[in-house]
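All remarks here apply to the structure that follows.
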2 protein chains.
Amino acid sequence: MFMNIRDLIYIRAVSKLKHFGKAAEVCGVSQPALSTQIKKLEQELGITLFERDSRSVQITDIGQDIIQLADEALSVIDNIRATAEEARDPFSGQFRLGAIPTIAPYLLPYFIKKNYDAFPKLKLHFQEDITERLNQALLNGELDAAILATPSENPKLDVIRLYDEPFWAVLPTGHSLQTIDKIRTEHLPFEELLLLTEGHCFRDQALDLCQLSATLGTRSIRVTSLETLINMVAAGQGITLVPAMALSGSWTTDQGVFTKKLDDPNAYRRIYLTFRKRFPRRQLLENMADLICTNLPSSVQRIAH
Amino acid sequence: MFMNIRDLIYIRAVSKLKHFGKAAEVCGVSQPALSTQIKKLEQELGITLFERDSRSVQITDIGQDIIQLADEALSVIDNIRATAEEARDPFSGQFRLGAIPTIAPYLLPYFIKKNYDAFPKLKLHFQEDITERLNQALLNGELDAAILATPSENPKLDVIRLYDEPFWAVLPTGHSLQTIDKIRTEHLPFEELLLLTEGHCFRDQALDLCQLSATLGTRSIRVTSLETLINMVAAGQGITLVPAMALSGSWTTDQGVFTKKLDDPNAYRRIYLTFRKRFPRRQLLENMADLICTNLPSSVQRIAH
DNA sequence: TAAAAATACTCCATAGGTATTTTAT
DNA sequence: ATAAAATACCTATGGAGTATTTTTA
């Protein structure tokens, strides 16, 4: 014996129609079913809601109060259904997307407009941070997905592969390598290599490619953006590597640098959409990944699914 | 499959404890019971409320919204229970009492204070009107009870007998009847009789006692209060009959009238507490009737129950 | 007599229990 | 290996149906 949402619907119907039989019909149940349920509710509450005989139904004072509250409760319940109904569309609601600093400023401009066109009901929120903190945010539910260049090793997370992004060399104009047709990794003067500060995954990826220890390049001042790195190259402070999409702003020799894609099959990184395995709107993730892949610049290689 | 109040309690518990097992314990059910109910609710709503695995439970965005609404709904449900709980006391809430004009001004002063002392939580509302309209108000639920001098013939209504009220003759000082020791009905000069307007039951009761036709006394101007009637007697315009309690204001010969109880076993009227048979707070009616009976002036005869 | 609510009973859907499996750390 | 949720399966409660009775205008 426990008050039921259906009971509230029953007493609301009776209070409106002042007739058990008609109320039962409206509720789609038999008159005895409705009568017994109302009687049970009255017993549970210990009060009489309706004064009734075979001719008429009258609502008691307390019944009036209770039914007003029942109306309130039912309207909140309706609200629950409506809220759920609206949210049932996986392409609606909010979506919190993270991206690392060596991707966000280059990829998102492509992405935002397309995304809005494809999912107009989706409210996108962005967060730019380094891989570690994005992973953290994913795990504690502050983010729904993140665009990373690192395949997560956390078993709670899963990924969709997006694209492969080649590495380009950035050298000061007039550098001896400018005359070489195909620049390979081993051609690079490692002692001149400028890198982002620790924590940025691209730093590790570059070091990895060059088979250098992590301690190298720490002499440099703390650099947290690829733009700054290229500017440093232009100022003759060394050379650097950048991911392909960082060059879509078309750096030219006019600005004191020249750029060349590394002629090396290993000189690329793989970009992933990372998310919690349990994230419920999986379809949204798939569609969003597709959207990203079909709107990439030609400098990167899309991965088909 | 229909959303249940219990389901809302379950999801509230899980959202608080972030743990299905502990939530189940708090709810007093087994973990599988709670798990399956929540899963069914999620299916019914078509959304995921919790992201869960064997290590952790996280609330989804939409889950957060739904649980907030569930909290609202549950608080209204609590309100329903609390309201019912409070109203379970039949001596609380409001009570709308009617009384006829030949009773209300004389009885209620005795009654109000005693009633408040006996039922401090009861909010009394009074309505003074003629019998017919009070009966009407009783039947359509505008009144809970009425003090009448007419035993209701309506089968929906029931009565508790309260007291018998003798009739007194009111005559102008110096009237020939003043010298008679025991005034009997047949002594009265019917042609001098002043009465209330039609609709007042006391008019009919007086006519009935004197075995007069209803047309008599209509020559008089419209009088709707016993006070006025007595003043008219004092002014020498005739004689009248009044119910005993109307004289508790102690009219004296100084004011030009003398009063005498009629020496006639039929010269009284019976007063009833009238109410709908189905009125749920029967105990309150009984106690209120007792209260009235034990606080009457000696001019009337209480009826024991 | 007629109309409506209450009661009696039977049935079945489903909430809940126990035991077990799956999953992830 | 452990902790927790999910699943399987069985039981029992209680909501709903049909038939009938009671009530009252």
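Residues in the structure tokens are named by chain (A, B, ... in the order shown) and by number from 1 within that chain; ligands are numbered from 1 in the order shown.
For chain B, the residues having at least one atom no farther than 9 Å from chain D, when counting only C-alpha atoms (C1' of nucleotides), are His19, Phe20, Gly21, Gln31, Pro32, Ser35, Thr36, Arg52, Asp53, Ser54, Arg55, Ser56, Pro155 and Lys156 of chain B.
Closest to chain C among B:Ala33, B:Val26, B:Leu284, B:Leu229 is B:Ala33, based on only C-alpha atoms (C1' of nucleotides).
Taking C1' of DA3 in chain C and CA of Arg278 in chain B as endpoints, the distance between them is 18.4 Å.
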As a PDB file with C-alpha atoms, in the first residue's frame, list the residues of range 48-287 of chain A assigned to strand (DSSP E) by DSSP on the backbone atoms of this structure.
```pdb
ATOM      1  CA  PHE A  50     -15.073  12.615  -1.423  1.00  0.00           C
ATOM      2  CA  GLU A  51     -18.498  12.533   0.161  1.00  0.00           C
ATOM      3  CA  ARG A  52     -20.351  10.229  -2.139  1.00  0.00           C
ATOM      4  CA  VAL A  57     -20.113  13.132  -5.413  1.00  0.00           C
ATOM      5  CA  GLN A  58     -18.902  16.052  -3.350  1.00  0.00           C
ATOM      6  CA  ILE A  59     -15.339  16.983  -2.579  1.00  0.00           C
ATOM      7  CA  GLY A  93      20.990  19.453 -25.021  1.00  0.00           C
ATOM      8  CA  GLN A  94      24.471  20.547 -24.165  1.00  0.00           C
ATOM      9  CA  PHE A  95      27.705  18.954 -25.247  1.00  0.00           C
ATOM     10  CA  ARG A  96      31.009  19.839 -23.619  1.00  0.00           C
ATOM     11  CA  LEU A  97      33.944  19.258 -25.906  1.00  0.00           C
ATOM     12  CA  GLY A  98      37.568  19.601 -24.978  1.00  0.00           C
ATOM     13  CA  ALA A  99      40.571  19.927 -27.292  1.00  0.00           C
ATOM     14  CA  LEU A 122      23.009  21.193 -29.580  1.00  0.00           C
ATOM     15  CA  LYS A 123      24.610  23.710 -27.238  1.00  0.00           C
ATOM     16  CA  LEU A 124      28.361  23.288 -27.629  1.00  0.00           C
ATOM     17  CA  HIS A 125      30.777  24.267 -24.895  1.00  0.00           C
ATOM     18  CA  PHE A 126      34.518  24.240 -25.492  1.00  0.00           C
ATOM     19  CA  GLN A 127      37.417  23.761 -23.186  1.00  0.00           C
ATOM     20  CA  GLU A 128      41.041  23.990 -24.246  1.00  0.00           C
ATOM     21  CA  ALA A 145      34.319  14.296 -25.197  1.00  0.00           C
ATOM     22  CA  ALA A 146      37.759  15.604 -26.062  1.00  0.00           C
ATOM     23  CA  ILE A 147      39.848  15.805 -29.195  1.00  0.00           C
ATOM     24  CA  LEU A 148      43.239  14.409 -28.271  1.00  0.00           C
ATOM     25  CA  LEU A 157      37.515   5.818 -21.870  1.00  0.00           C
ATOM     26  CA  ASP A 158      37.057   4.928 -25.483  1.00  0.00           C
ATOM     27  CA  VAL A 159      38.022   6.670 -28.724  1.00  0.00           C
ATOM     28  CA  ILE A 160      36.999   7.193 -32.306  1.00  0.00           C
ATOM     29  CA  ARG A 161      39.919   7.764 -34.666  1.00  0.00           C
ATOM     30  CA  LEU A 162      39.557  11.002 -36.606  1.00  0.00           C
ATOM     31  CA  TYR A 163      42.549  11.750 -38.808  1.00  0.00           C
ATOM     32  CA  ASP A 164      46.306  11.559 -39.171  1.00  0.00           C
ATOM     33  CA  GLU A 165      48.163  14.824 -39.051  1.00  0.00           C
ATOM     34  CA  PRO A 166      51.638  14.990 -40.672  1.00  0.00           C
ATOM     35  CA  PHE A 167      54.474  16.894 -39.053  1.00  0.00           C
ATOM     36  CA  TRP A 168      56.038  19.808 -40.855  1.00  0.00           C
ATOM     37  CA  ALA A 169      59.433  21.305 -40.346  1.00  0.00           C
ATOM     38  CA  VAL A 170      59.589  25.025 -39.772  1.00  0.00           C
ATOM     39  CA  LEU A 171      62.952  26.605 -40.516  1.00  0.00           C
ATOM     40  CA  PRO A 172      64.257  30.122 -40.783  1.00  0.00           C
ATOM     41  CA  LEU A 193      64.976  22.171 -32.032  1.00  0.00           C
ATOM     42  CA  LEU A 194      62.539  24.420 -30.205  1.00  0.00           C
ATOM     43  CA  ILE A 239      63.984  25.298 -35.894  1.00  0.00           C
ATOM     44  CA  THR A 240      60.809  23.493 -34.918  1.00  0.00           C
ATOM     45  CA  LEU A 241      58.246  20.927 -35.899  1.00  0.00           C
ATOM     46  CA  VAL A 242      54.537  21.649 -36.035  1.00  0.00           C
ATOM     47  CA  PRO A 243      51.470  19.607 -36.876  1.00  0.00           C
ATOM     48  CA  VAL A 257      60.321  31.057 -42.216  1.00  0.00           C
ATOM     49  CA  PHE A 258      59.822  28.339 -44.728  1.00  0.00           C
ATOM     50  CA  THR A 259      57.862  25.161 -44.045  1.00  0.00           C
ATOM     51  CA  LYS A 260      58.118  21.701 -45.467  1.00  0.00           C
ATOM     52  CA  LYS A 261      56.273  18.489 -44.742  1.00  0.00           C
ATOM     53  CA  TYR A 268      52.540  12.156 -38.161  1.00  0.00           C
ATOM     54  CA  ARG A 269      50.251  11.911 -35.187  1.00  0.00           C
ATOM     55  CA  ARG A 270      46.823  10.314 -34.948  1.00  0.00           C
ATOM     56  CA  ILE A 271      43.939  12.408 -33.637  1.00  0.00           C
ATOM     57  CA  TYR A 272      41.137  10.841 -31.606  1.00  0.00           C
ATOM     58  CA  LEU A 273      37.755  11.787 -30.275  1.00  0.00           C
ATOM     59  CA  THR A 274      37.930  10.512 -26.697  1.00  0.00           C
ATOM     60  CA  PHE A 275      34.934   9.915 -24.393  1.00  0.00           C
ATOM     61  CA  ARG A 276      33.707   7.768 -21.535  1.00  0.00           C
TER      62      ARG A 276
END
```
Can you check which parts of chain C lie within 7 Å of chain B? Per residue, the shortest pair of atoms and distance in Å to one decimal, counting only C-alpha atoms (C1' of nucleotides), sorted by chain and number, as a Markdown table.
```
| residue | atom | partner | partner_atom | distance |
| --- | --- | --- | --- | --- |
| C:DG16 | C1' | B:Ala33 | CA | 5.7 |
| C:DT23 | C1' | B:Ser54 | CA | 6.3 |
| C:DA24 | C1' | B:Ser54 | CA | 6.0 |
```
